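Chemist: If it helps, the file is called start-v1.cif and holds mmCIF, C-alpha atoms:
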```
data_entry
#
loop_
_atom_site.group_PDB
_atom_site.id
_atom_site.type_symbol
_atom_site.label_atom_id
_atom_site.label_comp_id
_atom_site.auth_asym_id
_atom_site.auth_seq_id
_atom_site.Cartn_x
_atom_site.Cartn_y
_atom_site.Cartn_z
ATOM 1 C CA MET A 1 2.068 141.548 108.835
ATOM 2 C CA GLU A 2 4.800 139.224 107.684
ATOM 3 C CA GLY A 3 3.273 136.359 105.741
ATOM 4 C CA ASP A 4 -0.027 138.236 105.589
ATOM 5 C CA CYS A 5 0.493 139.631 102.114
ATOM 6 C CA HIS A 6 -2.016 140.605 99.435
ATOM 7 C CA TYR A 7 0.068 138.305 97.214
ATOM 8 C CA LEU A 8 -0.162 135.484 99.782
ATOM 9 C CA ASP A 9 3.464 134.636 100.614
ATOM 10 C CA GLY A 10 4.866 137.448 98.458
ATOM 11 C CA ASN A 11 6.419 139.372 101.337
ATOM 12 C CA LEU A 12 8.133 136.217 102.598
ATOM 13 C CA ASN A 13 9.710 135.744 99.167
ATOM 14 C CA ALA A 14 10.658 139.412 99.121
ATOM 15 C CA ARG A 15 12.338 139.103 102.518
ATOM 16 C CA ARG A 16 14.599 136.286 101.313
ATOM 17 C CA ARG A 17 15.556 138.360 98.271
ATOM 18 C CA VAL A 18 16.283 141.420 100.374
ATOM 19 C CA GLU A 19 18.511 139.267 102.592
ATOM 20 C CA HIS A 20 20.302 138.056 99.471
ATOM 21 C CA ALA A 21 20.777 141.669 98.337
ATOM 22 C CA GLN A 22 22.215 142.484 101.761
ATOM 23 C CA GLN A 23 24.655 139.581 101.452
ATOM 24 C CA LEU A 24 25.706 140.806 98.009
ATOM 25 C CA LEU A 25 26.391 144.268 99.415
ATOM 26 C CA GLU A 26 28.492 142.754 102.222
ATOM 27 C CA GLN A 27 30.380 140.664 99.663
ATOM 28 C CA ILE A 28 31.096 143.794 97.660
ATOM 29 C CA GLY A 29 32.398 145.546 100.754
ATOM 30 C CA LEU A 30 29.473 147.868 101.346
ATOM 31 C CA GLU A 31 27.183 147.724 104.366
ATOM 32 C CA GLY A 32 24.299 145.266 104.015
ATOM 33 C CA LYS A 33 22.188 147.488 106.242
ATOM 34 C CA ARG A 34 21.942 150.026 103.427
ATOM 35 C CA VAL A 35 18.970 147.913 102.338
ATOM 36 C CA LYS A 36 16.096 147.281 104.704
ATOM 37 C CA MET A 37 12.676 145.717 104.459
ATOM 38 C CA ILE A 38 9.687 146.355 106.666
ATOM 39 C CA ASN A 39 6.079 145.258 106.305
ATOM 40 C CA LEU A 40 3.382 147.921 106.406
ATOM 41 C CA SER A 41 -0.156 148.167 105.124
ATOM 42 C CA SER A 42 -1.615 151.091 103.201
ATOM 43 C CA ALA A 43 -3.480 152.118 106.357
ATOM 44 C CA MET A 44 -0.259 152.732 108.315
ATOM 45 C CA GLY A 45 0.778 156.095 106.935
ATOM 46 C CA GLY A 46 2.051 157.411 110.233
ATOM 47 C CA GLN A 47 4.226 154.391 110.881
ATOM 48 C CA PHE A 48 5.515 154.552 107.307
ATOM 49 C CA ALA A 49 6.624 158.165 107.823
ATOM 50 C CA SER A 50 8.346 157.445 111.124
ATOM 51 C CA THR A 51 10.045 154.317 109.729
ATOM 52 C CA VAL A 52 11.390 156.247 106.742
ATOM 53 C CA ALA A 53 12.640 158.969 109.074
ATOM 54 C CA GLU A 54 14.414 156.365 111.224
ATOM 55 C CA PHE A 55 15.974 154.701 108.191
ATOM 56 C CA THR A 56 17.132 158.078 106.919
ATOM 57 C CA GLU A 57 18.931 158.574 110.242
ATOM 58 C CA GLU A 58 20.522 155.136 109.969
ATOM 59 C CA ILE A 59 21.691 155.793 106.411
ATOM 60 C CA CYS A 60 23.141 159.158 107.399
ATOM 61 C CA GLN A 61 25.106 157.471 110.180
ATOM 62 C CA ILE A 62 26.523 154.920 107.719
ATOM 63 C CA GLY A 63 27.598 157.767 105.473
ATOM 64 C CA PRO A 64 27.577 158.263 101.719
ATOM 65 C CA ASN A 65 28.212 155.507 99.210
ATOM 66 C CA PRO A 66 32.017 155.409 98.837
ATOM 67 C CA LEU A 67 31.585 154.442 95.181
ATOM 68 C CA HIS A 68 29.765 157.670 94.438
ATOM 69 C CA ASN A 69 31.385 160.964 95.435
ATOM 70 C CA GLY A 70 28.487 163.059 94.196
ATOM 71 C CA ASP A 71 29.895 164.546 91.013
ATOM 72 C CA ASP A 72 28.454 163.702 87.628
ATOM 73 C CA GLU A 73 31.706 162.275 86.285
ATOM 74 C CA SER A 74 31.880 159.738 89.107
ATOM 75 C CA ARG A 75 28.230 158.900 88.630
ATOM 76 C CA THR A 76 28.811 158.086 84.976
ATOM 77 C CA ARG A 77 31.920 156.058 85.749
ATOM 78 C CA ASN A 78 30.240 153.937 88.405
ATOM 79 C CA ASN A 79 26.723 153.638 87.095
ATOM 80 C CA VAL A 80 26.051 150.014 86.236
ATOM 81 C CA SER A 81 23.608 150.960 83.518
ATOM 82 C CA THR A 82 26.323 152.656 81.466
ATOM 83 C CA HIS A 83 28.062 149.355 80.842
ATOM 84 C CA ASN A 84 25.582 148.391 78.169
ATOM 85 C CA PRO A 85 24.903 144.792 79.116
ATOM 86 C CA LYS A 86 23.783 142.743 76.184
ATOM 87 C CA THR A 87 22.203 139.381 75.687
ATOM 88 C CA VAL A 88 22.947 137.493 72.508
ATOM 89 C CA VAL A 89 19.975 135.376 71.590
ATOM 90 C CA GLY A 90 21.598 133.020 69.156
ATOM 91 C CA PRO A 91 24.378 132.497 66.655
ATOM 92 C CA GLN A 92 22.593 134.952 64.369
ATOM 93 C CA MET A 93 22.322 132.404 61.610
ATOM 94 C CA GLU A 94 20.439 133.580 58.566
ATOM 95 C CA MET B 1 20.293 119.774 82.935
ATOM 96 C CA ILE B 2 23.737 120.667 84.143
ATOM 97 C CA VAL B 3 23.654 122.198 87.620
ATOM 98 C CA ALA B 4 26.369 124.537 88.840
ATOM 99 C CA GLU B 5 27.158 126.944 91.645
ATOM 100 C CA GLN B 6 29.056 130.204 91.577
ATOM 101 C CA LYS B 7 32.551 130.223 93.030
ATOM 102 C CA SER B 8 33.300 132.563 95.911
ATOM 103 C CA LEU B 9 34.166 136.133 95.022
ATOM 104 C CA ASP B 10 37.654 135.701 96.506
ATOM 105 C CA GLU B 11 38.383 132.683 94.319
ATOM 106 C CA ILE B 12 37.079 134.481 91.249
ATOM 107 C CA LYS B 13 39.248 137.525 91.985
ATOM 108 C CA ASN B 14 42.296 135.281 92.383
ATOM 109 C CA LEU B 15 41.556 133.719 89.008
ATOM 110 C CA LEU B 16 41.247 137.160 87.400
ATOM 111 C CA GLY B 17 44.692 138.127 88.684
ATOM 112 C CA ASP B 18 45.962 141.455 87.436
ATOM 113 C CA GLY B 19 43.644 141.598 84.429
ATOM 114 C CA LYS B 20 42.067 145.037 84.212
ATOM 115 C CA ARG B 21 39.496 144.425 81.491
ATOM 116 C CA VAL B 22 37.207 141.536 82.357
ATOM 117 C CA LEU B 23 34.446 140.092 80.210
ATOM 118 C CA VAL B 24 31.899 137.979 82.085
ATOM 119 C CA VAL B 25 30.207 135.541 79.699
ATOM 120 C CA GLY B 26 26.926 133.974 80.752
ATOM 121 C CA CYS B 27 25.085 131.078 79.152
ATOM 122 C CA GLY B 28 21.386 131.015 78.309
ATOM 123 C CA THR B 29 20.837 127.323 78.810
ATOM 124 C CA CYS B 30 21.326 125.034 81.857
ATOM 125 C CA VAL B 31 23.059 127.517 84.146
ATOM 126 C CA THR B 32 20.316 130.062 83.472
ATOM 127 C CA VAL B 33 17.715 127.578 84.666
ATOM 128 C CA CYS B 34 19.689 126.803 87.828
ATOM 129 C CA PHE B 35 20.312 130.530 88.455
ATOM 130 C CA ALA B 36 24.090 130.177 88.432
ATOM 131 C CA GLY B 37 25.317 131.774 85.217
ATOM 132 C CA GLY B 38 22.511 133.256 83.116
ATOM 133 C CA ALA B 39 22.214 136.852 81.927
ATOM 134 C CA LYS B 40 20.975 137.997 85.329
ATOM 135 C CA GLU B 41 23.745 136.281 87.282
ATOM 136 C CA ALA B 42 26.422 137.455 84.815
ATOM 137 C CA GLY B 43 25.187 141.024 85.283
ATOM 138 C CA ILE B 44 25.145 140.796 89.070
ATOM 139 C CA LEU B 45 28.622 139.264 89.137
ATOM 140 C CA ALA B 46 29.956 141.969 86.814
ATOM 141 C CA SER B 47 28.475 144.699 89.042
ATOM 142 C CA THR B 48 29.815 142.991 92.150
ATOM 143 C CA LEU B 49 33.316 142.809 90.684
ATOM 144 C CA ARG B 50 33.232 146.418 89.479
ATOM 145 C CA MET B 51 32.189 147.757 92.856
ATOM 146 C CA ASN B 52 34.349 145.444 94.952
ATOM 147 C CA THR B 53 37.542 146.055 92.991
ATOM 148 C CA GLN B 54 36.930 149.794 93.022
ATOM 149 C CA LEU B 55 36.422 149.779 96.774
ATOM 150 C CA ASN B 56 39.660 147.821 97.153
ATOM 151 C CA GLY B 57 41.609 150.349 95.120
ATOM 152 C CA ASP B 58 42.240 148.049 92.152
ATOM 153 C CA PRO B 59 39.361 148.902 89.814
ATOM 154 C CA LYS B 60 38.600 146.573 86.953
ATOM 155 C CA ALA B 61 36.525 147.393 83.895
ATOM 156 C CA VAL B 62 34.017 144.552 83.916
ATOM 157 C CA THR B 63 31.492 144.066 81.135
ATOM 158 C CA HIS B 64 29.187 141.141 80.579
ATOM 159 C CA MET B 65 27.437 139.329 77.767
ATOM 160 C CA THR B 66 25.339 136.203 77.581
ATOM 161 C CA VAL B 67 25.262 133.762 74.698
ATOM 162 C CA GLN B 68 22.394 131.383 74.194
ATOM 163 C CA ARG B 69 24.532 128.258 74.302
ATOM 164 C CA GLN B 70 28.125 128.616 75.425
ATOM 165 C CA CYS B 71 29.009 124.969 74.700
ATOM 166 C CA GLU B 72 28.673 125.375 70.920
ATOM 167 C CA SER B 73 31.263 127.182 68.863
ATOM 168 C CA GLU B 74 28.793 128.896 66.498
ATOM 169 C CA TYR B 75 27.133 130.719 69.363
ATOM 170 C CA LEU B 76 30.464 132.176 70.419
ATOM 171 C CA ASP B 77 31.051 134.000 67.125
ATOM 172 C CA THR B 78 28.948 136.899 68.359
ATOM 173 C CA ILE B 79 31.303 137.838 71.188
ATOM 174 C CA GLN B 80 34.561 137.801 69.215
ATOM 175 C CA ASP B 81 35.131 141.565 69.490
ATOM 176 C CA GLN B 82 34.440 141.664 73.205
ATOM 177 C CA VAL B 83 36.737 138.707 73.862
ATOM 178 C CA SER B 84 39.565 140.326 71.916
ATOM 179 C CA GLU B 85 39.255 143.497 74.029
ATOM 180 C CA ALA B 86 39.343 141.649 77.369
ATOM 181 C CA ASP B 87 42.400 140.780 79.452
ATOM 182 C CA VAL B 88 40.477 137.951 81.103
ATOM 183 C CA VAL B 89 37.282 136.176 80.092
ATOM 184 C CA LEU B 90 35.298 134.972 83.092
ATOM 185 C CA SER B 91 32.910 132.261 81.984
ATOM 186 C CA VAL B 92 29.866 131.598 84.101
ATOM 187 C CA GLY B 93 28.864 128.702 81.882
ATOM 188 C CA CYS B 94 29.397 125.097 82.881
ATOM 189 C CA GLY B 95 32.774 123.427 82.463
ATOM 190 C CA ILE B 96 31.880 122.639 78.862
ATOM 191 C CA GLY B 97 31.185 126.290 78.140
ATOM 192 C CA VAL B 98 34.501 127.334 79.662
ATOM 193 C CA GLN B 99 36.364 124.833 77.501
ATOM 194 C CA ALA B 100 34.434 125.752 74.359
ATOM 195 C CA LEU B 101 35.370 129.411 74.916
ATOM 196 C CA ALA B 102 39.009 128.566 75.641
ATOM 197 C CA GLU B 103 39.219 126.378 72.547
ATOM 198 C CA LYS B 104 37.579 128.870 70.209
ATOM 199 C CA TYR B 105 39.561 131.848 71.469
ATOM 200 C CA SER B 106 42.884 130.187 72.103
ATOM 201 C CA ASP B 107 44.704 133.499 72.657
ATOM 202 C CA ALA B 108 42.295 134.575 75.379
ATOM 203 C CA LEU B 109 42.719 133.832 79.063
ATOM 204 C CA VAL B 110 39.473 132.085 79.999
ATOM 205 C CA VAL B 111 38.736 131.258 83.645
ATOM 206 C CA PRO B 112 35.705 129.622 85.295
ATOM 207 C CA GLY B 113 33.325 131.503 87.562
ATOM 208 C CA LEU B 114 31.284 128.418 88.437
ATOM 209 C CA ASN B 115 31.809 124.995 89.914
ATOM 210 C CA THR B 116 29.936 122.568 87.689
ATOM 211 C CA SER B 117 28.241 120.205 90.096
ATOM 212 C CA PHE B 118 26.113 117.529 88.464
ATOM 213 C CA MET B 119 23.429 116.554 85.975
ATOM 214 C CA GLY B 120 20.191 116.916 87.796
ATOM 215 C CA GLN B 121 16.625 118.016 88.110
ATOM 216 C CA PRO B 122 14.958 120.883 89.944
ATOM 217 C CA LEU B 123 12.850 119.329 92.714
ATOM 218 C CA GLU B 124 11.249 122.553 93.852
ATOM 219 C CA GLN B 125 12.090 126.246 93.755
ATOM 220 C CA GLY B 126 15.761 126.582 94.703
ATOM 221 C CA VAL B 127 16.439 122.844 95.095
ATOM 222 C CA TRP B 128 18.261 120.629 92.583
ATOM 223 C CA ALA B 129 19.205 116.977 92.899
ATOM 224 C CA GLU B 130 21.534 114.713 90.957
ATOM 225 C CA ARG B 131 19.746 112.334 88.637
ATOM 226 C CA CYS B 132 22.244 111.049 86.039
ATOM 227 C CA GLN B 133 25.933 110.208 85.953
ATOM 228 C CA ALA B 134 26.151 109.642 82.199
ATOM 229 C CA CYS B 135 27.426 106.099 82.700
ATOM 230 C CA GLY B 136 26.784 105.378 79.037
ATOM 231 C CA SER B 137 24.685 102.274 79.656
ATOM 232 C CA CYS B 138 21.255 103.190 80.974
ATOM 233 C CA VAL B 139 19.462 100.789 83.322
ATOM 234 C CA LEU B 140 16.383 102.901 83.995
ATOM 235 C CA GLY B 141 14.219 100.472 82.013
ATOM 236 C CA VAL B 142 14.543 97.804 84.694
ATOM 237 C CA THR B 143 14.715 100.035 87.761
ATOM 238 C CA GLY B 144 11.374 101.783 87.511
ATOM 239 C CA GLY B 145 12.885 104.956 86.114
ATOM 240 C CA ILE B 146 15.042 105.529 89.199
ATOM 241 C CA CYS B 147 18.775 105.474 88.622
ATOM 242 C CA PRO B 148 20.794 103.355 91.070
ATOM 243 C CA ILE B 149 24.041 104.694 89.609
ATOM 244 C CA ALA B 150 23.293 108.344 90.331
ATOM 245 C CA ARG B 151 21.010 107.977 93.326
ATOM 246 C CA CYS B 152 22.417 105.041 95.314
ATOM 247 C CA SER B 153 25.444 106.176 97.295
ATOM 248 C CA LYS B 154 27.132 102.835 96.564
ATOM 249 C CA GLN B 155 25.954 102.561 92.946
ATOM 250 C CA LEU B 156 24.578 99.112 93.670
ATOM 251 C CA LEU B 157 22.887 97.231 90.855
ATOM 252 C CA ASN B 158 21.374 94.556 93.100
ATOM 253 C CA GLY B 159 20.365 96.590 96.097
ATOM 254 C CA PRO B 160 19.473 97.581 98.650
ATOM 255 C CA CYS B 161 22.467 97.224 100.899
ATOM 256 C CA GLY B 162 22.275 96.507 104.619
ATOM 257 C CA GLY B 163 22.573 100.179 105.385
ATOM 258 C CA THR B 164 19.109 101.148 104.223
ATOM 259 C CA ASP B 165 17.126 102.381 107.198
ATOM 260 C CA ASP B 166 13.428 103.048 106.953
ATOM 261 C CA GLY B 167 13.848 104.166 103.360
ATOM 262 C CA ARG B 168 16.862 106.350 104.121
ATOM 263 C CA CYS B 169 20.514 105.967 103.170
ATOM 264 C CA GLU B 170 23.110 105.179 105.828
ATOM 265 C CA ILE B 171 25.494 107.624 104.154
ATOM 266 C CA ASP B 172 23.145 110.547 104.736
ATOM 267 C CA ALA B 173 19.780 110.344 106.455
ATOM 268 C CA ASP B 174 18.526 113.151 104.218
ATOM 269 C CA LEU B 175 19.000 110.888 101.203
ATOM 270 C CA GLU B 176 16.269 108.544 100.136
ATOM 271 C CA CYS B 177 17.424 104.974 99.588
ATOM 272 C CA ALA B 178 17.354 104.587 95.796
ATOM 273 C CA TRP B 179 16.660 100.886 96.081
ATOM 274 C CA GLN B 180 13.719 101.478 98.413
ATOM 275 C CA LEU B 181 12.367 103.855 95.773
ATOM 276 C CA ILE B 182 12.982 101.267 93.063
ATOM 277 C CA TYR B 183 11.277 98.549 95.120
ATOM 278 C CA ASP B 184 8.249 100.752 95.802
ATOM 279 C CA LYS B 185 7.965 101.802 92.185
ATOM 280 C CA LEU B 186 8.234 98.280 90.755
ATOM 281 C CA LYS B 187 5.678 97.088 93.285
ATOM 282 C CA THR B 188 3.273 99.791 92.129
ATOM 283 C CA GLN B 189 3.894 98.770 88.539
ATOM 284 C CA GLU B 190 3.476 95.066 89.394
ATOM 285 C CA ARG B 191 6.914 94.407 87.914
ATOM 286 C CA MET B 192 8.510 92.971 91.039
ATOM 287 C CA HIS B 193 9.779 89.995 89.017
ATOM 288 C CA LEU B 194 12.500 92.314 87.671
ATOM 289 C CA LEU B 195 14.076 92.278 91.128
ATOM 290 C CA MET B 196 14.523 88.515 90.922
ATOM 291 C CA ASP B 197 16.969 88.873 88.037
ATOM 292 C CA ILE B 198 20.563 89.243 89.136
ATOM 293 C CA THR B 199 22.202 92.106 87.294
ATOM 294 C CA PRO B 200 25.789 91.176 86.373
ATOM 295 C CA PRO B 201 28.687 93.508 87.177
ATOM 296 C CA LYS B 202 28.408 96.666 85.118
ATOM 297 C CA ASP B 203 30.701 97.219 82.174
ATOM 298 C CA TRP B 204 32.117 100.578 83.165
ATOM 299 C CA ARG B 205 34.002 101.030 79.901
ATOM 300 C CA SER B 206 31.036 103.032 78.622
ATOM 301 C CA SER B 207 31.479 105.376 81.567
ATOM 302 C CA ARG B 208 34.511 107.468 82.497
ATOM 303 C CA ASP B 209 36.521 104.325 83.149
ATOM 304 C CA GLY B 210 37.020 104.005 79.406
ATOM 305 C CA GLY B 211 38.613 107.464 79.259
ATOM 306 C CA PRO B 212 37.105 110.610 77.713
ATOM 307 C CA ARG B 213 34.176 109.692 75.512
ATOM 308 C CA LYS B 214 33.111 110.763 72.050
ATOM 309 C CA ILE B 215 30.125 109.946 69.882
ATOM 310 C CA VAL B 216 30.475 109.983 66.091
ATOM 311 C CA ARG B 217 27.313 109.784 64.000
ATOM 312 C CA LYS B 218 28.328 108.944 60.445
ATOM 313 C CA ASP B 219 24.800 109.650 59.218
ATOM 314 C CA LEU B 220 25.135 113.249 60.381
ATOM 315 C CA ARG B 221 28.604 113.926 59.020
ATOM 316 C CA LEU B 222 28.822 116.312 56.092
ATOM 317 C CA PRO B 223 30.413 115.577 52.720
ATOM 318 C CA GLY B 224 34.019 116.683 52.645
ATOM 319 C CA GLN B 225 34.536 116.387 56.372
ATOM 320 C CA GLU B 226 37.689 114.475 57.007
ATOM 321 C CA MET B 227 37.117 111.065 58.558
ATOM 322 C CA SER B 228 38.958 110.556 61.785
ATOM 323 C CA ASN B 229 40.543 107.254 62.739
ATOM 324 C CA ASP B 230 37.566 106.555 65.001
ATOM 325 C CA GLU B 231 35.149 106.710 62.115
ATOM 326 C CA ARG B 232 37.033 104.469 59.774
#
```
Could you render the structure as structure tokens?
Modeler:
Amino acid sequence: MEGDCHYLDGNLNARRRVEHAQQLLEQIGLEGKRVKMINLSSAMGGQFASTVAEFTEEICQIGPNPLHNGDDESRTRNNVSTHNPKTVVGPQME
Amino acid sequence: MIVAEQKSLDEIKNLLGDGKRVLVVGCGTCVTVCFAGGAKEAGILASTLRMNTQLNGDPKAVTHMTVQRQCESEYLDTIQDQVSEADVVLSVGCGIGVQALAEKYSDALVVPGLNTSFMGQPLEQGVWAERCQACGSCVLGVTGGICPIARCSKQLLNGPCGGTDDGRCEIDADLECAWQLIYDKLKTQERMHLLMDITPPKDWRSSRDGGPRKIVRKDLRLPGQEMSNDER
């Protein structure tokens, strides 16, 4: 499956990016194994279901995200998207 | 372009010190192209710092912005309010961007998030290589467009040295011998006669050996601008 992607080497590129995301999580102090990549085709529904069930077990064993205690206030405080990132295109000259 | 790499998170956190409000400033030019300090990297670094400092019990409020060109003062006008609200400004521009920010906002504490590495060229996806050392006296016209200053480990002007080995450099076998490349290129161009000319010792005063450099173009100066001693 790996390297045998509809987008040619797309799943190989994706794997490197997932590994980078895992490294970022480790750097932050979270568990890198909170992110996982597997390769499946659309004809592998049964394997997809069992893989998701296994990953759910793994995630439950790791425990909840310590940055999110479940209440709405915490969610707002920690949510990256609330920080309003902004890109300035230029010096805004008239 | 200028190529840079992000510092380690530990070093960045040390530079931030006790500052609680951090503004990460990205740059939309060279460091965007080399994936070190563009809008995407500034955002990821800001998120990383927010989450990491919160996990460590010393949460920082980290925001981020990206200007199109951090090395020019005019482009920094747009972030004046955000800079004034920050305890520390973490620049993920090149060393020029960091200094431009620190000079424009002299009251702000500006620290670098990147190590500026070299002037180079992307060879392929994810690979950059040094191509210019800004020596101030370009010799590419007689070396087949291959720079012996930036690409020869010994900066030889009449190479190759005795350490060239099957087209590789004795300093690092992964490095191509610049003078082998020059030889091959001039041969292809049928300009081998250029190699018969002995290049005299280089005048390094145009490089860093002459101290920090400055270019003044009188034709571009504006009326009313005070003439410095250099221009007179």
Chemist: Would you mind listing what lies within 12 Å of B:Ser73 as a PDB file with C-alpha atoms, keeping the file's coordinate frame, with only C-alpha atoms counted and same-chain residues fewer than 3 positions away left out?
Modeler:
```pdb
ATOM      1  CA  GLY A  90      21.598 133.020  69.156  1.00  0.00           C
ATOM      2  CA  PRO A  91      24.378 132.497  66.655  1.00  0.00           C
TER       3      PRO A  91
ATOM      4  CA  VAL B  67      25.262 133.762  74.698  1.00  0.00           C
ATOM      5  CA  GLN B  68      22.394 131.383  74.194  1.00  0.00           C
ATOM      6  CA  ARG B  69      24.532 128.258  74.302  1.00  0.00           C
ATOM      7  CA  GLN B  70      28.125 128.616  75.425  1.00  0.00           C
ATOM      8  CA  LEU B  76      30.464 132.176  70.419  1.00  0.00           C
ATOM      9  CA  ASP B  77      31.051 134.000  67.125  1.00  0.00           C
ATOM     10  CA  THR B  78      28.948 136.899  68.359  1.00  0.00           C
ATOM     11  CA  ILE B  79      31.303 137.838  71.188  1.00  0.00           C
ATOM     12  CA  GLN B  80      34.561 137.801  69.215  1.00  0.00           C
ATOM     13  CA  ILE B  96      31.880 122.639  78.862  1.00  0.00           C
ATOM     14  CA  GLY B  97      31.185 126.290  78.140  1.00  0.00           C
ATOM     15  CA  VAL B  98      34.501 127.334  79.662  1.00  0.00           C
ATOM     16  CA  GLN B  99      36.364 124.833  77.501  1.00  0.00           C
ATOM     17  CA  ALA B 100      34.434 125.752  74.359  1.00  0.00           C
ATOM     18  CA  LEU B 101      35.370 129.411  74.916  1.00  0.00           C
ATOM     19  CA  ALA B 102      39.009 128.566  75.641  1.00  0.00           C
ATOM     20  CA  GLU B 103      39.219 126.378  72.547  1.00  0.00           C
ATOM     21  CA  LYS B 104      37.579 128.870  70.209  1.00  0.00           C
ATOM     22  CA  TYR B 105      39.561 131.848  71.469  1.00  0.00           C
TER      23      TYR B 105
END
```
Chemist: For each of A:Pro64, A:Gly10, A:Gly45, A:Gly29, take the minimum atom-to-atom distance to chain B, counting all atoms listed in the file, then give the residue where this is smallest.
Modeler: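 Result for the nearest residue to chain B: A:Gly29.
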Chemist: Go through A:Val35, A:Ala49, A:Ile62, A:Leu30 and flag the residue nearest B:Gln54, using all atoms listed in the file for the distances.
Modeler: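 Result for the nearest residue to B:Gln54: A:Leu30.
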Chemist: May I ask for the distance between atom CA of B:Gly19 and atom CA of B:Val92, given in Å to one decimal place?
Modeler: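 Taking atom CA of B:Gly19 as the start and atom CA of B:Val92 as the end point, the length is 17.0 Å.
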Chemist: Between A:Gln27, A:Gln61, A:Thr56, A:Asn39, which has the minimum distance to chain B (counting all atoms listed in the file)?
Modeler: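 For chain B, the nearest of the candidates is A:Gln27.
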Chemist: Taking the file above as input, evaluate the PyMOL selection byres ((chain B) within 9 of (chain A)) and report the hits as a VMD selection string.
Modeler: chain B and resid 9 26 28 39 43 to 44 46 to 56 62 to 69 73 to 79
Chemist: Rounded to one decimal place, report the atom CA of B:Gln82-atom CA of B:Leu23 distance in Å.
Modeler: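 Atom CA of B:Gln82 sits 7.2 Å away from atom CA of B:Leu23.
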